[in-house]
Amino acid sequence: MLIDTHAYIGHWGFRALPWRDASGLLRAMDRHGIDQAWVSSASAILYRNSHAANEELNAEVGQHRDRLVPFAVINPTYVDWEHDLAVCQEEFGCRGVRLYPPYHRYTLRDEPCRALVEAAIARSLVISVPHWVEDDRERSWLLTQPGIVPVADMATLALAHPDGRFVFHYGLGFTETPLGQPGAVQTDYGLDIARLPVFVKEELPKLIATIGAERLVFGSGMPITSVEVPLYKLEVLDVPEAVKERIRWQNATRLLGTQP
C-alpha cells in the first residue's frame, strides 16, 4: 500500500499542469501504484478567496473519497475563515487543512495562523504545511516575495501545539531543527521524504536513525512536482522493508486516524 500525503488537483496560475481534475490524478496514482492521496486545490493557493477552490475540490472529489482525502486550504487572514473551516469539515468532509503562508501574506508565527491551527486541532484536523510549492528558480517573475516557509517556523509551530497532528512537506534541513532531534518535539508529526537526500548529506537515513521511521511519510507534490523522485528514494533507501512500509502508508494512517 502507498499513500501520498501531498497531492493537488486544480489549476496553477503560471504554467499548465499535466492534469487538473480528479480523473487525471487517479490515472497518475494508478500508473505509480499509489492507493490514496491527500489532495488539496492548487487553485486555492492563488485564488483571492481560497474557499471558492475548496468548493471546486469538493465537487471533484465526489465519489472518490476512498482514494482522495480532501484537505482544505484556509487563509487565516481572509474574512470569516472560521465559517470556511466549518463548511470544509462539516459539509465537504475535509480531514485536514493545508497552509500557504508566503502566498497568503502571513507567517506560521503570526496570531491569525495560531488561531487557525487551534481551531483545526479542536476539530481533530491534520495541519499540512508545504515548505515550498515549486522551486524558486521556476517561479513566475510576478511572484515578488519568497515562496519558502522556514523549517525553523515549522518546528516552532509544532512545539507550540503539542496536541496537534502535523505533516510538513517538501522540506530540507530538518536535522538542524527540533523536528530532527530525538524527543525534542512531543507533537505527533510527519516529514515527507520528497526533498530529503538519501545520498550526499544523507538527511533521510540520518532522520531514520535519530527520530525514527515513524516520523517520515511519503509525499510528492504532484503534479506541480515530480512523483518519480520520492518513489526512487524509497526504492534505493537501504533499510528493512518494515521501515519502508511505515513510510509508505502506516505513519500516514496513524496521523489521519484511520485503519488500513
# chains A, B, ... in the order shown; residues from 1 in each chain; ligands from 1
>>> residues_around(residues="Leu46 in chain A", least_positions_apart="2", cutoff="10 Å", atoms="only C-alpha atoms", output="PyMOL selection string")
chain A and resi 11-14+41-44+48-50+53+100+103-104
>>> write_last_selection(atoms="N, CA and C atoms", output="PDB file, in the first residue's frame")
ATOM      1  N   HIS A  11      -5.906  24.243 -10.888  1.00  0.00           N
ATOM      2  CA  HIS A  11      -5.049  24.988 -11.810  1.00  0.00           C
ATOM      3  C   HIS A  11      -3.916  25.683 -11.064  1.00  0.00           C
ATOM      4  N   TRP A  12      -2.786  25.815 -11.736  1.00  0.00           N
ATOM      5  CA  TRP A  12      -1.687  26.637 -11.259  1.00  0.00           C
ATOM      6  C   TRP A  12      -1.600  27.838 -12.183  1.00  0.00           C
ATOM      7  N   GLY A  13      -1.503  29.035 -11.584  1.00  0.00           N
ATOM      8  CA  GLY A  13      -1.690  30.253 -12.361  1.00  0.00           C
ATOM      9  C   GLY A  13      -0.620  30.560 -13.380  1.00  0.00           C
ATOM     10  N   PHE A  14       0.532  29.891 -13.326  1.00  0.00           N
ATOM     11  CA  PHE A  14       1.664  30.339 -14.127  1.00  0.00           C
ATOM     12  C   PHE A  14       2.187  29.318 -15.130  1.00  0.00           C
ATOM     13  N   SER A  41      -6.547  21.804  -3.334  1.00  0.00           N
ATOM     14  CA  SER A  41      -6.677  22.512  -4.604  1.00  0.00           C
ATOM     15  C   SER A  41      -5.467  23.393  -4.855  1.00  0.00           C
ATOM     16  N   ALA A  42      -4.805  23.194  -6.004  1.00  0.00           N
ATOM     17  CA  ALA A  42      -3.726  24.089  -6.406  1.00  0.00           C
ATOM     18  C   ALA A  42      -4.275  25.488  -6.684  1.00  0.00           C
ATOM     19  N   SER A  43      -5.496  25.553  -7.164  1.00  0.00           N
ATOM     20  CA  SER A  43      -6.107  26.852  -7.446  1.00  0.00           C
ATOM     21  C   SER A  43      -6.227  27.698  -6.190  1.00  0.00           C
ATOM     22  N   ALA A  44      -6.476  27.041  -5.056  1.00  0.00           N
ATOM     23  CA  ALA A  44      -6.713  27.765  -3.799  1.00  0.00           C
ATOM     24  C   ALA A  44      -5.502  28.567  -3.353  1.00  0.00           C
ATOM     25  N   ARG A  48      -7.916  34.672  -4.756  1.00  0.00           N
ATOM     26  CA  ARG A  48      -8.077  35.656  -3.681  1.00  0.00           C
ATOM     27  C   ARG A  48      -8.929  35.073  -2.564  1.00  0.00           C
ATOM     28  N   ASN A  49      -9.989  34.369  -2.933  1.00  0.00           N
ATOM     29  CA  ASN A  49     -10.839  33.681  -1.954  1.00  0.00           C
ATOM     30  C   ASN A  49     -10.590  32.184  -2.080  1.00  0.00           C
ATOM     31  N   SER A  50      -9.782  31.639  -1.191  1.00  0.00           N
ATOM     32  CA  SER A  50      -9.413  30.227  -1.261  1.00  0.00           C
ATOM     33  C   SER A  50     -10.616  29.305  -1.164  1.00  0.00           C
ATOM     34  N   ALA A  53     -12.103  27.650  -4.201  1.00  0.00           N
ATOM     35  CA  ALA A  53     -11.390  26.470  -4.692  1.00  0.00           C
ATOM     36  C   ALA A  53     -11.695  25.244  -3.845  1.00  0.00           C
ATOM     37  N   TYR A 100      -0.550  27.970   3.365  1.00  0.00           N
ATOM     38  CA  TYR A 100       0.383  28.561   2.402  1.00  0.00           C
ATOM     39  C   TYR A 100       0.748  29.978   2.825  1.00  0.00           C
ATOM     40  N   TYR A 103       2.097  32.780   0.271  1.00  0.00           N
ATOM     41  CA  TYR A 103       1.146  33.202  -0.757  1.00  0.00           C
ATOM     42  C   TYR A 103      -0.020  33.987  -0.174  1.00  0.00           C
ATOM     43  N   HIS A 104      -0.298  33.787   1.106  1.00  0.00           N
ATOM     44  CA  HIS A 104      -1.440  34.453   1.741  1.00  0.00           C
ATOM     45  C   HIS A 104      -1.012  35.529   2.730  1.00  0.00           C
TER      46      HIS A 104
END
>>> select_by_dssp(residues="range 130-225 of chain A", states="alpha helix (DSSP H)", output="JSON, numbers by chain")
{"A": [151, 152, 153, 154, 155, 156, 157, 158, 159, 160, 203, 204, 205, 206, 207, 208, 209, 210]}
>>> closest_residue(among="A:Phe218, A:Tyr232, A:Phe71, A:Trp19", to="Glu245 in chain A", atoms="only C-alpha atoms")
A:Phe218
>>> residues_around(residues="range 121-128 of chain A", least_positions_apart="3", cutoff="10 Å", atoms="only C-alpha atoms", output="MDAnalysis selection string")
chainID A and resid 5:6 38 71:73 85:86 89:90 94:100 115:118 131 158 161 163:169 188:190 255:257
>>> write_last_selection(atoms="N, CA, C and O atoms", output="compact mmCIF listing (two decimals), in the first residue's frame")
# COMPACT_ATOMS: atom_id res chain seq x y z
N THR A 5 0.81 11.84 0.78
CA THR A 5 0.24 12.84 1.69
C THR A 5 0.25 14.26 1.12
O THR A 5 -0.14 15.20 1.82
N HIS A 6 0.69 14.43 -0.13
CA HIS A 6 0.85 15.78 -0.67
C HIS A 6 0.58 15.77 -2.17
O HIS A 6 1.48 15.56 -2.98
N TRP A 38 -3.74 12.47 -0.22
CA TRP A 38 -4.32 13.60 0.50
C TRP A 38 -4.22 14.80 -0.45
O TRP A 38 -3.13 15.26 -0.77
N PHE A 71 -8.23 17.92 1.63
CA PHE A 71 -7.65 18.85 2.59
C PHE A 71 -8.03 20.26 2.15
O PHE A 71 -7.83 20.63 0.98
N ALA A 72 -8.56 21.03 3.08
CA ALA A 72 -8.99 22.39 2.78
C ALA A 72 -7.81 23.36 2.82
O ALA A 72 -6.92 23.22 3.67
N VAL A 73 -7.81 24.32 1.92
CA VAL A 73 -6.86 25.43 2.00
C VAL A 73 -7.59 26.59 2.66
O VAL A 73 -8.57 27.11 2.12
N LEU A 85 -13.81 27.08 7.42
CA LEU A 85 -13.29 25.88 8.07
C LEU A 85 -14.42 24.94 8.46
O LEU A 85 -14.35 23.73 8.25
N ALA A 86 -15.48 25.50 9.03
CA ALA A 86 -16.62 24.69 9.45
C ALA A 86 -17.27 23.99 8.25
O ALA A 86 -17.58 22.79 8.30
N GLN A 89 -15.08 21.05 6.89
CA GLN A 89 -15.14 19.82 7.66
C GLN A 89 -16.54 19.22 7.67
O GLN A 89 -16.72 18.03 7.38
N GLU A 90 -17.53 20.03 8.01
CA GLU A 90 -18.87 19.50 8.26
C GLU A 90 -19.64 19.16 6.99
O GLU A 90 -20.42 18.21 6.98
N CYS A 94 -13.62 17.35 4.77
CA CYS A 94 -12.17 17.51 4.75
C CYS A 94 -11.57 16.93 6.04
O CYS A 94 -12.11 17.10 7.12
N ARG A 95 -10.40 16.30 5.90
CA ARG A 95 -9.74 15.66 7.03
C ARG A 95 -8.56 16.48 7.55
O ARG A 95 -7.93 16.11 8.53
N GLY A 96 -8.24 17.56 6.86
CA GLY A 96 -7.14 18.39 7.29
C GLY A 96 -7.18 19.75 6.61
O GLY A 96 -8.03 20.00 5.75
N VAL A 97 -6.28 20.62 7.04
CA VAL A 97 -6.13 21.93 6.40
C VAL A 97 -4.69 22.04 5.90
O VAL A 97 -3.75 21.52 6.51
N ARG A 98 -4.52 22.74 4.79
CA ARG A 98 -3.19 22.95 4.22
C ARG A 98 -2.94 24.45 4.17
O ARG A 98 -3.79 25.22 3.70
N LEU A 99 -1.77 24.86 4.67
CA LEU A 99 -1.46 26.27 4.86
C LEU A 99 -0.38 26.74 3.88
O LEU A 99 0.61 26.02 3.65
N TYR A 100 -0.55 27.97 3.37
CA TYR A 100 0.38 28.56 2.40
C TYR A 100 0.75 29.98 2.82
O TYR A 100 0.35 30.96 2.18
N ALA A 115 -4.40 31.01 15.60
CA ALA A 115 -5.83 30.85 15.85
C ALA A 115 -6.43 29.79 14.94
O ALA A 115 -7.25 28.96 15.38
N LEU A 116 -6.01 29.78 13.66
CA LEU A 116 -6.49 28.76 12.73
C LEU A 116 -6.03 27.38 13.16
O LEU A 116 -6.82 26.42 13.14
N VAL A 117 -4.78 27.25 13.54
CA VAL A 117 -4.26 25.95 13.96
C VAL A 117 -5.00 25.44 15.19
O VAL A 117 -5.37 24.25 15.25
N GLU A 118 -5.27 26.30 16.15
CA GLU A 118 -6.02 25.90 17.34
C GLU A 118 -7.42 25.43 16.95
O GLU A 118 -7.93 24.43 17.48
N HIS A 131 6.82 23.22 2.68
CA HIS A 131 7.98 24.10 2.78
C HIS A 131 8.04 25.04 1.58
O HIS A 131 8.34 26.22 1.71
N ALA A 158 5.01 23.34 15.74
CA ALA A 158 4.75 22.04 16.36
C ALA A 158 4.98 22.09 17.87
O ALA A 158 4.21 21.51 18.65
N HIS A 161 2.07 23.61 19.78
CA HIS A 161 0.77 22.92 19.75
C HIS A 161 0.99 21.42 19.96
O HIS A 161 0.83 20.62 19.03
N ASP A 163 -0.75 19.16 21.16
CA ASP A 163 -1.90 18.30 20.96
C ASP A 163 -2.31 18.21 19.49
O ASP A 163 -3.34 17.61 19.17
N GLY A 164 -1.52 18.79 18.60
CA GLY A 164 -1.85 18.78 17.18
C GLY A 164 -1.27 17.59 16.44
O GLY A 164 -0.48 16.81 16.98
N ARG A 165 -1.67 17.46 15.18
CA ARG A 165 -1.09 16.49 14.26
C ARG A 165 -0.66 17.26 13.02
O ARG A 165 -1.49 17.92 12.37
N PHE A 166 0.61 17.18 12.67
CA PHE A 166 1.18 17.99 11.61
C PHE A 166 1.87 17.11 10.58
O PHE A 166 2.45 16.07 10.91
N VAL A 167 1.83 17.55 9.32
CA VAL A 167 2.67 16.97 8.27
C VAL A 167 3.36 18.13 7.56
O VAL A 167 2.70 19.07 7.09
N PHE A 168 4.68 18.06 7.49
CA PHE A 168 5.47 19.09 6.85
C PHE A 168 6.05 18.53 5.56
O PHE A 168 6.74 17.50 5.56
N HIS A 169 5.76 19.22 4.45
CA HIS A 169 6.04 18.69 3.13
C HIS A 169 7.21 19.38 2.44
O HIS A 169 7.43 20.58 2.62
N ASP A 188 2.59 14.92 17.55
CA ASP A 188 2.60 13.91 16.51
C ASP A 188 2.78 14.60 15.16
O ASP A 188 1.98 15.46 14.78
N TYR A 189 3.83 14.25 14.45
CA TYR A 189 4.11 14.93 13.18
C TYR A 189 4.76 13.95 12.21
O TYR A 189 5.31 12.92 12.59
N GLY A 190 4.68 14.32 10.92
CA GLY A 190 5.34 13.57 9.87
C GLY A 190 6.09 14.51 8.96
O GLY A 190 5.65 15.64 8.71
N LEU A 255 -1.45 9.25 11.46
CA LEU A 255 -1.66 10.70 11.55
C LEU A 255 -3.09 11.07 11.17
O LEU A 255 -3.68 11.97 11.77
N LEU A 256 -3.65 10.37 10.20
CA LEU A 256 -5.01 10.68 9.78
C LEU A 256 -6.05 10.08 10.73
O LEU A 256 -7.21 10.50 10.73
N GLY A 257 -5.61 9.11 11.53
CA GLY A 257 -6.54 8.48 12.46
C GLY A 257 -7.43 7.46 11.81
O GLY A 257 -8.59 7.28 12.20
>>> residues_around(residues="range 235-238 of chain A", least_positions_apart="2", cutoff="9 Å", atoms="only C-alpha atoms", output="list in words")
Val198, Leu204, Pro205, Pro230, Leu231, Tyr232, Lys233, Pro240 and Lys244 of chain A
>>> residues_around(residues="Arg109 in chain A", least_positions_apart="4", cutoff="10 Å", atoms="only C-alpha atoms", output="ChimeraX atom specification")
/A:101,113-114,153-154,156-157,160
>>> write_last_selection(atoms="all heavy atoms", output="mmCIF file, in the first residue's frame")
data_model
loop_
_atom_site.group_PDB
_atom_site.id
_atom_site.type_symbol
_atom_site.label_atom_id
_atom_site.label_comp_id
_atom_site.auth_asym_id
_atom_site.auth_seq_id
_atom_site.Cartn_x
_atom_site.Cartn_y
_atom_site.Cartn_z
ATOM 1 N N PRO A 101 1.514 30.125 3.905
ATOM 2 C CA PRO A 101 1.825 31.462 4.436
ATOM 3 C C PRO A 101 2.439 32.432 3.434
ATOM 4 O O PRO A 101 2.000 33.594 3.370
ATOM 5 C CB PRO A 101 2.791 31.148 5.591
ATOM 6 C CG PRO A 101 2.425 29.768 6.021
ATOM 7 C CD PRO A 101 2.044 29.056 4.765
ATOM 8 N N CYS A 113 -2.552 32.817 12.212
ATOM 9 C CA CYS A 113 -2.217 31.421 11.918
ATOM 10 C C CYS A 113 -2.401 30.551 13.154
ATOM 11 O O CYS A 113 -2.961 29.449 13.073
ATOM 12 C CB CYS A 113 -0.784 31.327 11.407
ATOM 13 S SG CYS A 113 -0.247 29.628 11.074
ATOM 14 N N ARG A 114 -1.927 31.014 14.294
ATOM 15 C CA ARG A 114 -2.073 30.234 15.524
ATOM 16 C C ARG A 114 -3.548 30.002 15.850
ATOM 17 O O ARG A 114 -3.934 28.933 16.324
ATOM 18 C CB ARG A 114 -1.373 30.946 16.680
ATOM 19 C CG ARG A 114 0.141 31.087 16.498
ATOM 20 C CD ARG A 114 0.812 29.724 16.386
ATOM 21 N NE ARG A 114 2.249 29.822 16.175
ATOM 22 C CZ ARG A 114 3.147 29.898 17.136
ATOM 23 N NH1 ARG A 114 2.774 29.881 18.396
ATOM 24 N NH2 ARG A 114 4.428 29.971 16.849
ATOM 25 N N ASP A 153 10.357 27.694 11.504
ATOM 26 C CA ASP A 153 8.993 28.088 11.870
ATOM 27 C C ASP A 153 8.091 26.866 12.011
ATOM 28 O O ASP A 153 7.180 26.846 12.847
ATOM 29 C CB ASP A 153 8.418 29.037 10.819
ATOM 30 C CG ASP A 153 8.987 30.441 10.917
ATOM 31 O OD1 ASP A 153 9.892 30.656 11.735
ATOM 32 O OD2 ASP A 153 8.524 31.319 10.160
ATOM 33 N N MET A 154 8.323 25.847 11.188
ATOM 34 C CA MET A 154 7.552 24.611 11.319
ATOM 35 C C MET A 154 7.783 23.984 12.684
ATOM 36 O O MET A 154 6.842 23.536 13.353
ATOM 37 C CB MET A 154 7.947 23.629 10.210
ATOM 38 C CG MET A 154 7.601 24.070 8.805
ATOM 39 S SD MET A 154 8.224 22.874 7.586
ATOM 40 C CE MET A 154 7.497 23.515 6.080
ATOM 41 N N THR A 156 8.776 25.492 15.416
ATOM 42 C CA THR A 156 8.167 26.364 16.431
ATOM 43 C C THR A 156 6.665 26.125 16.520
ATOM 44 O O THR A 156 6.096 26.077 17.618
ATOM 45 C CB THR A 156 8.449 27.840 16.108
ATOM 46 O OG1 THR A 156 9.866 28.052 16.109
ATOM 47 C CG2 THR A 156 7.800 28.761 17.118
ATOM 48 N N LEU A 157 6.025 25.954 15.372
ATOM 49 C CA LEU A 157 4.579 25.693 15.350
ATOM 50 C C LEU A 157 4.252 24.379 16.044
ATOM 51 O O LEU A 157 3.327 24.307 16.861
ATOM 52 C CB LEU A 157 4.084 25.667 13.904
ATOM 53 C CG LEU A 157 2.573 25.520 13.714
ATOM 54 C CD1 LEU A 157 1.843 26.797 14.136
ATOM 55 C CD2 LEU A 157 2.237 25.185 12.259
ATOM 56 N N ALA A 160 4.606 24.614 19.775
ATOM 57 C CA ALA A 160 3.574 25.441 20.409
ATOM 58 C C ALA A 160 2.225 24.733 20.515
ATOM 59 O O ALA A 160 1.347 25.191 21.251
ATOM 60 C CB ALA A 160 3.407 26.748 19.636
#
>>> closest_residue(among="A:Gly147, A:Pro102, A:Gly24, A:Pro223", to="Val61 in chain A", atoms="only C-alpha atoms")
A:Gly24
>>> residues_around(residues="Ala22 in chain A", least_positions_apart="5", cutoff="10 Å", atoms="only C-alpha atoms", output="number ranges by chain")
A: 8-10, 27-28, 39, 57, 59-62, 64, 68
>>> write_last_selection(atoms="all heavy atoms", output="mmCIF file, in the first residue's frame")
data_model
loop_
_atom_site.group_PDB
_atom_site.id
_atom_site.type_symbol
_atom_site.label_atom_id
_atom_site.label_comp_id
_atom_site.auth_asym_id
_atom_site.auth_seq_id
_atom_site.Cartn_x
_atom_site.Cartn_y
_atom_site.Cartn_z
ATOM 1 N N TYR A 8 -2.263 17.394 -5.520
ATOM 2 C CA TYR A 8 -3.119 18.513 -5.918
ATOM 3 C C TYR A 8 -3.995 18.152 -7.106
ATOM 4 O O TYR A 8 -3.630 17.330 -7.953
ATOM 5 C CB TYR A 8 -2.263 19.710 -6.358
ATOM 6 C CG TYR A 8 -1.399 20.312 -5.284
ATOM 7 C CD1 TYR A 8 -0.069 19.944 -5.153
ATOM 8 C CD2 TYR A 8 -1.919 21.254 -4.398
ATOM 9 C CE1 TYR A 8 0.733 20.501 -4.160
ATOM 10 C CE2 TYR A 8 -1.119 21.813 -3.417
ATOM 11 C CZ TYR A 8 0.206 21.435 -3.298
ATOM 12 O OH TYR A 8 0.988 21.982 -2.319
ATOM 13 N N ILE A 9 -5.146 18.816 -7.162
ATOM 14 C CA ILE A 9 -5.891 18.982 -8.401
ATOM 15 C C ILE A 9 -6.209 20.468 -8.516
ATOM 16 O O ILE A 9 -6.040 21.237 -7.569
ATOM 17 C CB ILE A 9 -7.180 18.128 -8.452
ATOM 18 C CG1 ILE A 9 -8.107 18.450 -7.282
ATOM 19 C CG2 ILE A 9 -6.838 16.652 -8.459
ATOM 20 C CD1 ILE A 9 -9.434 17.690 -7.362
ATOM 21 N N GLY A 10 -6.657 20.891 -9.679
ATOM 22 C CA GLY A 10 -6.926 22.304 -9.899
ATOM 23 C C GLY A 10 -5.882 22.923 -10.809
ATOM 24 O O GLY A 10 -5.066 22.236 -11.425
ATOM 25 N N ARG A 27 -5.647 8.590 -12.507
ATOM 26 C CA ARG A 27 -4.875 7.871 -13.524
ATOM 27 C C ARG A 27 -3.389 7.872 -13.165
ATOM 28 O O ARG A 27 -2.697 6.848 -13.311
ATOM 29 C CB ARG A 27 -5.094 8.491 -14.907
ATOM 30 C CG ARG A 27 -6.446 8.175 -15.532
ATOM 31 C CD ARG A 27 -6.472 8.510 -17.004
ATOM 32 N NE ARG A 27 -6.277 9.938 -17.234
ATOM 33 C CZ ARG A 27 -7.254 10.836 -17.278
ATOM 34 N NH1 ARG A 27 -8.511 10.448 -17.087
ATOM 35 N NH2 ARG A 27 -6.992 12.106 -17.514
ATOM 36 N N ALA A 28 -2.885 9.027 -12.714
ATOM 37 C CA ALA A 28 -1.478 9.104 -12.315
ATOM 38 C C ALA A 28 -1.199 8.211 -11.108
ATOM 39 O O ALA A 28 -0.155 7.559 -11.039
ATOM 40 C CB ALA A 28 -1.113 10.550 -12.001
ATOM 41 N N VAL A 39 -5.363 15.283 -0.888
ATOM 42 C CA VAL A 39 -5.382 16.217 -2.007
ATOM 43 C C VAL A 39 -6.007 17.551 -1.611
ATOM 44 O O VAL A 39 -7.011 17.600 -0.905
ATOM 45 C CB VAL A 39 -6.109 15.585 -3.215
ATOM 46 C CG1 VAL A 39 -7.549 15.220 -2.878
ATOM 47 C CG2 VAL A 39 -6.068 16.500 -4.423
ATOM 48 N N LEU A 57 -12.895 21.686 -5.194
ATOM 49 C CA LEU A 57 -12.289 20.429 -4.758
ATOM 50 C C LEU A 57 -13.360 19.444 -4.313
ATOM 51 O O LEU A 57 -13.334 18.263 -4.671
ATOM 52 C CB LEU A 57 -11.305 20.687 -3.620
ATOM 53 C CG LEU A 57 -10.664 19.450 -2.991
ATOM 54 C CD1 LEU A 57 -9.664 18.814 -3.949
ATOM 55 C CD2 LEU A 57 -9.976 19.806 -1.666
ATOM 56 N N ALA A 59 -16.438 19.225 -5.216
ATOM 57 C CA ALA A 59 -17.163 18.709 -6.372
ATOM 58 C C ALA A 59 -16.327 17.677 -7.137
ATOM 59 O O ALA A 59 -16.862 16.676 -7.631
ATOM 60 C CB ALA A 59 -17.559 19.858 -7.299
ATOM 61 N N GLU A 60 -15.017 17.905 -7.225
ATOM 62 C CA GLU A 60 -14.150 16.994 -7.959
ATOM 63 C C GLU A 60 -13.976 15.657 -7.239
ATOM 64 O O GLU A 60 -13.989 14.592 -7.859
ATOM 65 C CB GLU A 60 -12.775 17.636 -8.173
ATOM 66 C CG GLU A 60 -12.689 18.551 -9.366
ATOM 67 C CD GLU A 60 -12.812 17.805 -10.690
ATOM 68 O OE1 GLU A 60 -12.390 16.631 -10.768
ATOM 69 O OE2 GLU A 60 -13.345 18.395 -11.643
ATOM 70 N N VAL A 61 -13.772 15.732 -5.921
ATOM 71 C CA VAL A 61 -13.520 14.503 -5.164
ATOM 72 C C VAL A 61 -14.709 13.556 -5.258
ATOM 73 O O VAL A 61 -14.550 12.339 -5.420
ATOM 74 C CB VAL A 61 -13.169 14.838 -3.704
ATOM 75 C CG1 VAL A 61 -13.169 13.590 -2.842
ATOM 76 C CG2 VAL A 61 -11.805 15.522 -3.630
ATOM 77 N N GLY A 62 -15.913 14.118 -5.153
ATOM 78 C CA GLY A 62 -17.138 13.372 -5.405
ATOM 79 C C GLY A 62 -17.180 11.980 -4.838
ATOM 80 O O GLY A 62 -17.146 11.762 -3.630
ATOM 81 N N HIS A 64 -14.987 9.635 -5.079
ATOM 82 C CA HIS A 64 -13.662 9.013 -4.988
ATOM 83 C C HIS A 64 -13.048 9.165 -3.603
ATOM 84 O O HIS A 64 -11.829 9.090 -3.448
ATOM 85 C CB HIS A 64 -12.723 9.624 -6.026
ATOM 86 C CG HIS A 64 -13.258 9.616 -7.419
ATOM 87 N ND1 HIS A 64 -13.476 8.453 -8.126
ATOM 88 C CD2 HIS A 64 -13.634 10.638 -8.240
ATOM 89 C CE1 HIS A 64 -13.953 8.746 -9.313
ATOM 90 N NE2 HIS A 64 -14.054 10.060 -9.414
ATOM 91 N N LEU A 68 -9.246 9.610 -2.547
ATOM 92 C CA LEU A 68 -8.856 11.018 -2.491
ATOM 93 C C LEU A 68 -9.370 11.626 -1.190
ATOM 94 O O LEU A 68 -10.579 11.772 -0.998
ATOM 95 C CB LEU A 68 -9.409 11.785 -3.692
ATOM 96 C CG LEU A 68 -9.007 11.249 -5.065
ATOM 97 C CD1 LEU A 68 -9.607 12.117 -6.170
ATOM 98 C CD2 LEU A 68 -7.492 11.158 -5.212
#
>>> select_by_dssp(residues="range 84-245 of chain A", states="strand (DSSP E)", output="ChimeraX atom specification")
/A:96-98,126-130,165-169,188-192,216-217
>>> atom_distance(atom1="CA of Thr177 in chain A", atom2="CA of Arg215 in chain A")
13.9 Å
>>> atom_distance(atom1="CA of Pro130 in chain A", atom2="CA of Val149 in chain A")
7.3 Å
>>> closest_residue(among="A:Ala7, A:Leu2, A:Ala155, A:Leu179", to="Leu234 in chain A", atoms="only C-alpha atoms")
A:Leu2
